[in-house]
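Novice: Next comes data.txt, compact mmCIF, C-alpha atoms and all ligand atoms:
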# COMPACT_ATOMS: atom_id res chain seq x y z
CA MET A 1 0.00 0.00 0.00
CA ALA A 2 1.42 3.36 -1.00
CA VAL A 3 2.10 5.77 1.84
CA LYS A 4 0.21 8.97 1.44
CA GLN A 5 2.63 11.77 0.59
CA GLU A 6 2.12 14.77 2.85
CA ALA A 7 1.89 18.18 1.27
CA PRO A 8 5.23 20.03 1.52
CA VAL A 9 5.34 22.25 4.58
CA ARG A 10 5.98 25.92 3.98
CA VAL A 11 8.09 27.71 6.52
CA ASP A 12 6.58 30.68 8.15
CA ARG A 13 7.36 33.99 6.41
CA ASN A 14 8.91 35.19 9.66
CA PHE A 15 11.65 32.65 9.09
CA TRP A 16 13.46 34.91 6.66
CA ILE A 17 13.03 37.96 8.84
CA VAL A 18 14.45 36.01 11.78
CA THR A 19 17.31 34.83 9.58
CA LEU A 20 18.09 38.39 8.60
CA VAL A 21 18.04 39.58 12.22
CA LEU A 22 20.38 36.73 13.22
CA ALA A 23 22.70 37.61 10.34
CA LEU A 24 22.87 41.23 11.49
CA LEU A 25 23.50 40.16 15.10
CA SER A 26 26.25 37.79 13.95
CA VAL A 27 27.93 40.49 11.89
CA ALA A 28 27.76 42.81 14.89
CA ALA A 29 29.29 40.13 17.14
CA VAL A 30 32.08 39.47 14.65
CA ALA A 31 32.79 43.19 14.31
CA TYR A 32 32.87 43.50 18.09
CA TRP A 33 35.24 40.59 18.66
CA MET A 34 37.58 41.49 15.82
CA ASN A 35 38.44 44.69 17.68
CA ALA A 36 37.93 43.53 21.26
CA PRO A 37 40.57 45.01 23.60
CA VAL A 38 41.66 41.65 25.02
CA ALA A 39 44.94 43.03 26.35
CA LYS A 40 43.00 45.58 28.38
CA TRP A 41 41.06 42.84 30.16
CA LEU A 42 44.08 40.62 30.64
CA PRO A 43 47.35 42.57 30.46
CA ALA A 44 49.91 41.10 28.08
CA ALA A 45 53.60 40.92 28.91
CA SER A 46 55.22 38.82 26.22
CA ASP A 47 56.10 39.29 22.56
CA SER A 48 53.87 36.39 21.51
CA ALA A 49 50.79 37.53 23.46
CA GLU A 50 49.46 39.57 20.52
CA ASP A 51 49.34 36.49 18.25
CA VAL A 52 47.57 34.45 20.90
CA ASP A 53 45.06 37.24 21.43
CA ASP A 54 44.41 37.38 17.68
CA LEU A 55 43.61 33.69 17.79
CA PHE A 56 41.32 34.25 20.75
CA ARG A 57 39.52 37.03 18.87
CA PHE A 58 39.04 34.77 15.86
CA MET A 59 37.65 31.98 18.04
CA ALA A 60 35.36 34.33 19.94
CA ALA A 61 34.13 35.93 16.69
CA SER A 62 33.37 32.68 14.85
CA GLY A 63 32.06 31.01 18.01
CA SER A 64 29.64 33.79 18.84
CA ALA A 65 28.43 34.07 15.22
CA LEU A 66 27.64 30.36 15.31
CA MET A 67 26.09 30.57 18.75
CA ILE A 68 23.79 33.40 17.72
CA TYR A 69 22.42 31.30 14.83
CA VAL A 70 22.02 28.13 16.86
CA LEU A 71 20.35 29.74 19.87
CA GLY A 72 18.39 32.19 17.72
CA TYR A 73 16.82 29.46 15.59
CA LEU A 74 16.26 27.33 18.63
CA LEU A 75 14.24 30.07 20.33
CA TYR A 76 12.43 30.93 17.12
CA PHE A 77 11.42 27.32 16.43
CA VAL A 78 10.35 26.73 20.01
CA ILE A 79 8.04 29.72 19.80
CA ALA A 80 6.85 29.50 16.19
CA PHE A 81 6.13 25.77 16.19
CA ARG A 82 4.75 25.30 19.67
CA ALA A 83 1.50 23.28 19.94
CA LYS A 84 -1.65 25.28 19.45
CA LYS A 85 -4.54 25.05 21.92
CA THR A 86 -6.72 23.73 19.08
CA ASP A 87 -4.36 20.86 18.17
CA ALA A 88 -5.54 17.32 18.87
CA PRO A 89 -3.94 15.93 22.07
CA ASN A 90 -2.02 13.30 20.12
CA ALA A 91 -0.89 15.61 17.29
CA ILE A 92 2.80 15.38 16.45
CA GLY A 93 4.85 18.01 14.70
CA VAL A 94 5.84 18.07 11.08
CA GLN A 95 8.45 15.39 10.50
CA VAL A 96 11.34 16.83 8.51
CA HIS A 97 14.32 14.73 7.58
CA ASP A 98 16.69 13.97 4.76
CA ASN A 99 17.19 17.53 3.63
CA HIS A 100 20.49 16.89 1.90
CA THR A 101 21.22 20.47 0.97
CA LEU A 102 20.83 21.57 4.56
CA GLU A 103 22.90 18.67 5.88
CA PHE A 104 25.64 19.39 3.35
CA TRP A 105 25.97 22.99 4.42
CA TRP A 106 25.79 22.43 8.14
CA THR A 107 28.56 19.90 7.81
CA ILE A 108 30.76 21.91 5.46
CA VAL A 109 30.57 25.30 7.16
CA PRO A 110 31.65 24.16 10.67
CA ALA A 111 34.25 21.83 9.14
CA VAL A 112 35.81 24.71 7.22
CA PHE A 113 35.83 26.81 10.39
CA VAL A 114 37.58 24.08 12.33
CA VAL A 115 40.17 23.60 9.58
CA ILE A 116 40.88 27.33 9.46
CA LEU A 117 41.13 27.42 13.24
CA SER A 118 43.58 24.53 13.32
CA ILE A 119 45.76 26.05 10.59
CA LEU A 120 45.88 29.37 12.45
CA SER A 121 46.57 27.63 15.78
CA VAL A 122 49.37 25.49 14.42
CA LYS A 123 50.93 28.44 12.64
CA ILE A 124 50.93 30.60 15.76
CA TRP A 125 51.95 27.77 18.09
CA PHE A 126 54.87 26.76 15.88
CA GLY A 127 55.87 30.40 15.50
CA ILE A 128 56.19 30.60 19.27
CA GLN A 129 57.57 27.16 20.13
CA LEU A 130 59.95 26.57 17.23
CA GLN A 131 62.03 29.69 17.68
CA PRO A 132 65.58 28.55 18.29
CA SER A 133 66.55 28.80 21.94
CA ASN A 134 69.01 31.55 22.82
CA GLY A 135 70.35 29.43 25.67
CA LEU A 136 68.58 30.97 28.66
CA VAL A 137 66.81 27.98 30.18
CA VAL A 138 65.19 27.79 33.61
CA GLU A 139 63.37 24.81 35.05
CA ALA A 140 60.11 24.59 36.97
CA ILE A 141 59.20 21.43 38.83
CA GLY A 142 55.67 20.80 40.06
CA HIS A 143 55.08 19.28 43.49
CA GLN A 144 51.97 18.74 45.55
CA TRP A 145 51.44 21.69 46.16
CA TYR A 146 54.13 24.14 45.12
CA TYR A 147 56.75 24.71 42.45
CA SER A 148 60.49 24.57 42.80
CA PHE A 149 62.85 26.13 40.28
CA ARG A 150 66.30 25.69 38.89
CA ALA A 151 68.35 28.46 37.29
CA PRO A 152 71.57 28.43 35.23
CA GLY A 153 74.68 27.98 37.35
CA VAL A 154 72.71 27.62 40.60
CA ASN A 155 73.13 24.34 42.47
CA GLY A 156 69.99 22.68 43.70
CA GLU A 157 66.53 24.13 43.75
CA ILE A 158 65.25 27.64 44.30
CA PRO A 159 62.00 28.02 46.28
CA ASN A 160 59.15 30.51 45.93
CA GLU A 161 59.99 32.45 42.79
CA ILE A 162 62.14 32.48 39.69
CA HIS A 163 63.58 35.57 38.02
CA VAL A 164 64.43 36.23 34.36
CA PRO A 165 65.67 39.33 32.53
CA VAL A 166 63.28 41.46 30.49
CA ASN A 167 63.33 41.44 26.66
CA LYS A 168 65.34 38.26 26.48
CA GLN A 169 63.84 35.04 25.20
CA VAL A 170 63.52 32.40 27.92
CA THR A 171 62.82 28.69 27.74
CA ILE A 172 61.15 27.06 30.73
CA ASP A 173 61.52 23.30 31.00
CA VAL A 174 58.65 22.04 33.09
CA THR A 175 58.09 18.68 34.72
CA SER A 176 56.60 17.20 37.87
CA THR A 177 57.69 14.87 40.65
CA ASP A 178 54.27 13.53 41.62
CA VAL A 179 51.04 14.11 39.71
CA ILE A 180 50.14 16.15 36.63
CA HIS A 181 50.16 19.90 37.26
CA SER A 182 49.85 22.63 34.68
CA PHE A 183 52.12 25.66 34.59
CA TRP A 184 50.17 28.72 33.49
CA ILE A 185 51.14 32.39 33.42
CA PRO A 186 48.22 34.25 31.83
CA GLN A 187 50.06 37.51 31.06
CA PHE A 188 52.57 35.67 28.87
CA ARG A 189 49.77 33.59 27.28
CA VAL A 190 51.70 30.39 27.94
CA LYS A 191 50.64 27.17 29.58
CA ALA A 192 52.08 23.64 29.65
CA ASP A 193 51.26 20.44 31.48
CA MET A 194 53.81 19.34 34.07
CA VAL A 195 53.92 15.58 33.67
CA PRO A 196 56.03 13.20 35.80
CA GLY A 197 58.73 11.65 33.64
CA LEU A 198 58.28 14.12 30.79
CA VAL A 199 59.86 17.52 30.13
CA ASN A 200 57.68 20.04 28.29
CA THR A 201 59.07 23.34 27.08
CA ILE A 202 57.60 26.80 27.07
CA ARG A 203 59.33 29.57 25.12
CA PHE A 204 58.59 33.27 25.03
CA THR A 205 60.12 36.72 25.39
CA PRO A 206 58.79 38.66 28.39
CA ASN A 207 58.67 42.36 27.51
CA THR A 208 57.40 44.04 30.67
CA VAL A 209 59.12 44.14 34.06
CA GLY A 210 56.87 42.81 36.82
CA ARG A 211 55.82 39.98 39.12
CA TYR A 212 53.51 37.48 37.49
CA GLN A 213 51.43 34.96 39.37
CA ILE A 214 51.92 31.33 38.37
CA ILE A 215 48.72 29.30 38.38
CA CYS A 216 48.34 25.54 38.40
CA ALA A 217 45.68 24.83 35.82
CA GLU A 218 45.22 21.11 36.40
CA PHE A 219 43.41 19.81 39.47
CA CYS A 220 46.21 18.08 41.36
CA GLY A 221 44.82 17.14 44.76
CA THR A 222 43.22 18.67 47.81
CA GLN A 223 45.44 21.76 47.98
CA HIS A 224 45.49 22.49 44.26
CA GLY A 225 44.18 25.97 45.06
CA GLU A 226 47.36 26.75 47.03
CA MET A 227 49.44 26.60 43.87
CA ASN A 228 48.87 30.23 42.96
CA LYS A 229 51.13 31.76 45.59
CA GLN A 230 54.35 31.73 43.58
CA TYR A 231 55.69 34.23 41.11
CA PHE A 232 57.56 34.49 37.85
CA VAL A 233 59.52 37.71 38.13
CA VAL A 234 60.75 39.73 35.14
CA ASP A 235 63.64 42.00 36.14
CA PRO A 236 65.72 44.70 34.43
CA PRO A 237 68.95 42.95 33.29
CA ALA A 238 71.11 44.32 36.13
CA THR A 239 68.64 43.28 38.83
CA PHE A 240 68.43 39.81 37.31
CA ALA A 241 72.22 39.48 37.27
CA THR A 242 72.35 40.39 40.97
CA TRP A 243 69.58 37.92 41.82
CA LEU A 244 71.27 35.11 39.90
CA LYS A 245 74.69 35.80 41.43
CA GLY A 246 73.08 35.81 44.88
CA TRP A 247 71.68 32.30 44.40
CA GLN A 248 74.89 31.02 42.83
CA ILE A 249 76.78 32.07 45.96
CA LYS A 250 74.08 31.03 48.41
CA ASN A 251 73.76 27.53 46.92
CA ALA A 252 77.48 27.06 46.15
CA ASN A 253 77.74 24.26 48.68
CA VAL A 254 74.40 22.65 47.98
CA SER A 255 74.58 19.31 46.25
CA ASP A 256 73.28 19.55 42.71
CA ALA A 257 71.98 16.00 42.73
CA LEU A 258 68.27 15.68 42.20
CA PRO A 259 66.33 14.44 45.22
CA LYS A 260 67.32 10.80 45.66
CA ALA A 261 64.95 7.88 45.80
CA GLY A 262 66.04 6.93 49.30
CA SER A 263 69.44 5.41 49.82
CA GLY A 264 68.67 2.48 47.54
CA ALA A 265 70.11 0.14 50.18
CA ALA A 266 68.06 -2.66 51.73
CA ILE A 267 65.59 -1.21 54.20
CA ASP A 268 65.46 -2.25 57.85
CA LEU A 269 61.90 -3.52 58.21
CA SER A 270 62.11 -4.42 61.91
CA LYS A 271 60.81 -1.03 63.11
CA GLY A 272 57.76 -0.96 60.86
CA VAL A 273 54.51 0.11 62.55
CA ALA A 274 51.39 -1.30 60.92
CA ALA A 275 49.10 1.49 62.18
CA SER A 276 51.29 4.19 60.60
CA GLY A 277 51.43 2.12 57.44
CA GLN A 278 47.65 1.98 57.33
CA ALA A 279 47.36 5.78 57.47
CA LEU A 280 49.98 6.16 54.74
CA PHE A 281 48.26 3.56 52.61
CA ALA A 282 45.01 5.51 52.71
CA GLN A 283 46.90 8.63 51.58
CA LYS A 284 49.26 7.30 48.96
CA CYS A 285 48.20 3.89 47.76
CA SER A 286 44.44 3.49 47.99
CA SER A 287 43.88 5.39 44.74
CA CYS A 288 45.52 2.46 42.94
CA HIS A 289 45.14 -0.52 45.28
CA ALA A 290 42.21 -2.06 47.12
CA ILE A 291 42.63 -4.10 50.28
CA ALA A 292 41.07 -7.10 48.60
CA ALA A 293 42.08 -10.25 46.73
CA PHE A 294 44.75 -10.00 44.02
CA ASP A 295 42.17 -10.08 41.22
CA HIS A 296 40.34 -7.07 42.58
CA LYS A 297 42.10 -4.47 40.46
CA VAL A 298 41.80 -0.73 40.77
CA VAL A 299 44.88 0.41 38.87
CA GLY A 300 47.17 -2.10 40.51
CA PRO A 301 46.24 -5.47 42.02
CA GLY A 302 44.44 -6.01 45.33
CA LEU A 303 46.96 -6.41 48.16
CA LYS A 304 45.11 -8.29 50.89
CA GLY A 305 46.97 -11.35 52.12
CA ILE A 306 49.86 -10.63 49.78
CA LEU A 307 52.28 -12.63 51.98
CA SER A 308 50.07 -15.68 52.28
CA ASP A 309 48.06 -16.00 49.07
CA PRO A 310 48.42 -19.60 47.84
CA ASN A 311 47.27 -18.52 44.36
CA HIS A 312 50.04 -15.95 44.15
CA PRO A 313 53.16 -17.26 45.80
CA ASN A 314 55.20 -14.80 43.75
CA LEU A 315 55.02 -11.03 43.47
CA VAL A 316 54.38 -9.38 40.14
CA ASP A 317 58.12 -9.13 39.49
CA GLY A 318 58.48 -12.90 39.86
CA ASP A 319 60.23 -12.82 43.25
CA PRO A 320 58.76 -14.83 46.15
CA ALA A 321 56.22 -12.95 48.26
CA THR A 322 58.34 -11.98 51.25
CA ALA A 323 58.39 -8.76 53.25
CA ALA A 324 61.86 -7.91 51.94
CA ASN A 325 60.78 -8.35 48.31
CA ILE A 326 57.71 -6.17 48.79
CA ALA A 327 60.04 -3.50 50.15
CA VAL A 328 62.10 -3.79 46.95
CA ILE A 329 59.01 -3.16 44.79
CA LEU A 330 58.13 -0.14 46.91
CA GLN A 331 61.69 1.16 46.54
CA LYS A 332 62.24 0.58 42.87
CA GLY A 333 58.72 0.55 41.50
CA TYR A 334 57.80 -2.04 38.91
CA THR A 335 56.35 -1.88 35.42
CA GLY A 336 54.71 -5.08 34.22
CA PRO A 337 51.67 -6.24 32.28
CA ILE A 338 49.26 -4.72 34.80
CA GLY A 339 50.73 -1.24 34.63
CA MET A 340 53.21 0.99 36.37
CA MET A 341 53.83 0.88 40.10
CA PRO A 342 55.59 4.19 40.98
CA ASN A 343 58.94 4.03 42.77
CA GLN A 344 59.87 5.38 46.20
CA SER A 345 60.54 8.97 45.16
CA ALA A 346 57.47 9.17 42.93
CA ASN A 347 55.31 7.94 45.81
CA GLY A 348 57.15 10.32 48.16
CA LEU A 349 58.13 7.64 50.67
CA SER A 350 60.96 7.68 53.21
CA ASP A 351 62.67 4.40 54.13
CA GLY A 352 60.69 4.45 57.40
CA ASP A 353 57.44 4.85 55.44
CA ILE A 354 58.28 1.73 53.47
CA ALA A 355 58.90 -0.25 56.66
CA ASN A 356 55.54 0.92 58.01
CA LEU A 357 53.73 0.03 54.79
CA VAL A 358 55.27 -3.43 54.66
CA ALA A 359 54.29 -4.01 58.30
CA TYR A 360 50.75 -2.96 57.46
CA LEU A 361 50.52 -5.20 54.37
CA ALA A 362 51.96 -8.12 56.36
CA SER A 363 49.29 -7.62 59.02
CA LEU A 364 46.47 -8.17 56.49
CA LYS A 365 45.88 -11.88 56.55
C1 LIG A 401 49.61 4.98 40.20
C2 LIG A 401 49.11 3.76 40.73
C3 LIG A 401 49.82 3.11 41.88
C4 LIG A 401 50.11 3.65 43.10
C5 LIG A 401 49.89 5.09 43.59
C6 LIG A 401 50.67 2.59 43.88
N1 LIG A 401 50.73 1.45 43.15
FE1 LIG A 401 51.40 -0.35 43.78
N2 LIG A 401 51.17 -1.12 41.92
C7 LIG A 401 50.59 -0.46 40.88
C8 LIG A 401 50.54 -1.35 39.73
C9 LIG A 401 49.95 -1.00 38.36
C10 LIG A 401 51.14 -2.56 40.14
C11 LIG A 401 51.36 -3.80 39.28
C12 LIG A 401 52.49 -3.63 38.32
C13 LIG A 401 52.52 -4.75 37.33
O1 LIG A 401 52.80 -5.89 37.74
O2 LIG A 401 52.27 -4.54 36.14
C14 LIG A 401 51.50 -2.38 41.53
C15 LIG A 401 52.10 -3.37 42.29
C16 LIG A 401 52.27 -3.27 43.66
C17 LIG A 401 52.74 -4.34 44.51
C18 LIG A 401 53.08 -5.74 44.08
C19 LIG A 401 51.82 -6.58 44.19
C20 LIG A 401 52.03 -8.03 43.93
O3 LIG A 401 51.08 -8.80 44.19
O4 LIG A 401 53.09 -8.41 43.50
C21 LIG A 401 52.76 -3.86 45.79
C22 LIG A 401 53.17 -4.60 47.04
C23 LIG A 401 52.33 -2.48 45.72
N3 LIG A 401 52.04 -2.15 44.43
C24 LIG A 401 52.20 -1.67 46.84
C25 LIG A 401 51.91 -0.32 46.78
C26 LIG A 401 51.93 0.57 47.90
C27 LIG A 401 52.22 0.16 49.35
C28 LIG A 401 51.62 1.81 47.44
C29 LIG A 401 51.55 3.10 48.22
C30 LIG A 401 52.82 3.63 48.65
C31 LIG A 401 51.40 1.70 46.01
N4 LIG A 401 51.58 0.39 45.64
C32 LIG A 401 51.06 2.75 45.19
C33 LIG A 401 50.09 0.83 40.87
C34 LIG A 401 50.22 1.73 41.93
CU CU A 402 49.16 21.55 40.82
Show the structure stored in the file as structure tokens.
Specialist:
Amino acid sequence: MAVKQEAPVRVDRNFWIVTLVLALLSVAAVAYWMNAPVAKWLPAASDSAEDVDDLFRFMAASGSALMIYVLGYLLYFVIAFRAKKTDAPNAIGVQVHDNHTLEFWWTIVPAVFVVILSILSVKIWFGIQLQPSNGLVVEAIGHQWYYSFRAPGVNGEIPNEIHVPVNKQVTIDVTSTDVIHSFWIPQFRVKADMVPGLVNTIRFTPNTVGRYQIICAEFCGTQHGEMNKQYFVVDPPATFATWLKGWQIKNANVSDALPKAGSGAAIDLSKGVAASGQALFAQKCSSCHAIAAFDHKVVGPGLKGILSDPNHPNLVDGDPATAANIAVILQKGYTGPIGMMPNQSANGLSDGDIANLVAYLASLK
């Protein structure tokens, strides 16, 4: 039986008036964003800030033009096609589908926008990041919940703030010792993730003397919000030279070795206190391990009865399940088929902590 073809539905005449109004609003929004004084709202202090702000203006302009159409039509359709009081209770709206022309354009137009945006982004990003380094490199290391810094010729780490000279390109190598942080200084328009085991670089030329707040832009634990109390300071060249010399002298006798993962020697487990181990476990291990059977995985295996599990006489590294061998895994970490168990320094454990943790794990029968 042939399905009865419904008469084509005519759109309301207001549709074209609405379309015209939305077009005018979009043009106005684009005109506004193209000239928006971004640097007035968020002061800029690096040579590359202008390019980043241009990109922001482009995104804001195209995004708001699109948003005006989407929301405008949405409101219009909701109002123009709402059910009338006289409609039958079971009436359904006009069913429109398979309009290929419409589908073609609403796919092509956003796709072109996204391609343009990615070309512009890559161009600007490469322009900033691929400048050759001029040799001035400082390091920023993320910790829960602060940053430490290293500067050229200074032994060891510098707390609280790092200085650089004005109008000279600087490279910041960023990394982390514990979890992922993000190093963000809005006035320079730079941001990079601080990832344990990875060094990311940020490169820019600060062009205004001042003290700039560093903000951690990646939730990194309970005191994440505390990580905005440190500063990146841009000095006149002479002031910077004095600051650097001061730290070179002050830290002359500091060992330049990075913080060590304990002594590396076998740990004396005899003084381990299970109750202290339990508290530590809740803090540092329970995000990855359950106190449950081996098969009960969170990130790593369940650890209950690890010393007396007949199904698992050996630890994941193949060594017999003894207290001393568990201590070795806690010291050195272990990467196997299940995943990565962080080592002593990554977990932030002292030798005493390890003894306490082993005592706690041994107490779980
Ligand atoms: C980031 C996640 C993570 C954290 C945090 C973590 N572990 Fe692990 N752990 C693992 C993974 C994954 C393995 C298994 C590695 C493999 O075999 O592939 C493992 C393995 C182990 C093993 C060996 C288990 C066995 O049956 O052989 C012990 C013991 C252990 N972890 C104890 C701890 C303790 C104690 C802490 C807290 C200081 C801790 N882990 C923190 C992920 C983690
Ligand atoms: Cu952080």
Novice: List every residue of chain A that has an atom at most 6 Å from any atom of ligand CU 402 (chain A), and for each one report the closest atom pair and its distance in Å to one decimal, counting only C-alpha atoms and all ligand atoms, with rows sorted by chain and then by increasing residue number, as a tab-separated table.
Specialist:
residue	atom	partner	partner_atom	distance
A:Trp145	CA	A:CU402	CU	5.8
A:His181	CA	A:CU402	CU	4.0
A:Cys216	CA	A:CU402	CU	4.7
A:Glu218	CA	A:CU402	CU	5.9
A:Cys220	CA	A:CU402	CU	4.6
A:His224	CA	A:CU402	CU	5.1
A:Met227	CA	A:CU402	CU	5.9
Novice: Can you tell me which residues come within 7 Å of ligand LIG 401 (chain A) when counting only C-alpha atoms and all ligand atoms, ideally as a PyMOL selection string?
Specialist: chain A and resi 281+284-285+287-289+294+299-301+303+306+314-317+326+329-330+334-342+347+349+357
Novice: Go through A:Ser46, A:Ser62, A:Thr107, A:Asn356 and flag the residue nearest Trp33 of chain A, using all atoms listed in the file for the distances.
Specialist: A:Ser62
Novice: Around the point (41.5, 27.1, 12.7), in the coordinates given by the file, pick out the residues reaching within 12 Å, counting only C-alpha atoms, and return them as a ChimeraX atom specification.
Specialist: /A:54-60,62-63,110-125
Novice: Mind writing the picked residues with C-alpha atoms as a PDB file, keeping the file's coordinate frame?
Specialist:
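Now in out.pdb:
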ATOM      1  CA  ASP A  54      44.410  37.380  17.680  1.00  0.00           C
ATOM      2  CA  LEU A  55      43.610  33.690  17.790  1.00  0.00           C
ATOM      3  CA  PHE A  56      41.320  34.250  20.750  1.00  0.00           C
ATOM      4  CA  ARG A  57      39.520  37.030  18.870  1.00  0.00           C
ATOM      5  CA  PHE A  58      39.040  34.770  15.860  1.00  0.00           C
ATOM      6  CA  MET A  59      37.650  31.980  18.040  1.00  0.00           C
ATOM      7  CA  ALA A  60      35.360  34.330  19.940  1.00  0.00           C
ATOM      8  CA  SER A  62      33.370  32.680  14.850  1.00  0.00           C
ATOM      9  CA  GLY A  63      32.060  31.010  18.010  1.00  0.00           C
ATOM     10  CA  PRO A 110      31.650  24.160  10.670  1.00  0.00           C
ATOM     11  CA  ALA A 111      34.250  21.830   9.140  1.00  0.00           C
ATOM     12  CA  VAL A 112      35.810  24.710   7.220  1.00  0.00           C
ATOM     13  CA  PHE A 113      35.830  26.810  10.390  1.00  0.00           C
ATOM     14  CA  VAL A 114      37.580  24.080  12.330  1.00  0.00           C
ATOM     15  CA  VAL A 115      40.170  23.600   9.580  1.00  0.00           C
ATOM     16  CA  ILE A 116      40.880  27.330   9.460  1.00  0.00           C
ATOM     17  CA  LEU A 117      41.130  27.420  13.240  1.00  0.00           C
ATOM     18  CA  SER A 118      43.580  24.530  13.320  1.00  0.00           C
ATOM     19  CA  ILE A 119      45.760  26.050  10.590  1.00  0.00           C
ATOM     20  CA  LEU A 120      45.880  29.370  12.450  1.00  0.00           C
ATOM     21  CA  SER A 121      46.570  27.630  15.780  1.00  0.00           C
ATOM     22  CA  VAL A 122      49.370  25.490  14.420  1.00  0.00           C
ATOM     23  CA  LYS A 123      50.930  28.440  12.640  1.00  0.00           C
ATOM     24  CA  ILE A 124      50.930  30.600  15.760  1.00  0.00           C
ATOM     25  CA  TRP A 125      51.950  27.770  18.090  1.00  0.00           C
TER      26      TRP A 125
END
Novice: Would you mind reading off the distance between atom CA of Ala65 of chain A and atom CA of Leu20 of chain A, one decimal, in Å?
Specialist: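 So the answer is 13.0 Å.
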Novice: Please indicate the distance in Å from atom CA of Trp247 of chain A to atom CA of Tyr212 of chain A, rounded to one decimal place.
Specialist: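 For atom CA of Trp247 of chain A relative to atom CA of Tyr212 of chain A, the distance reads 20.1 Å.
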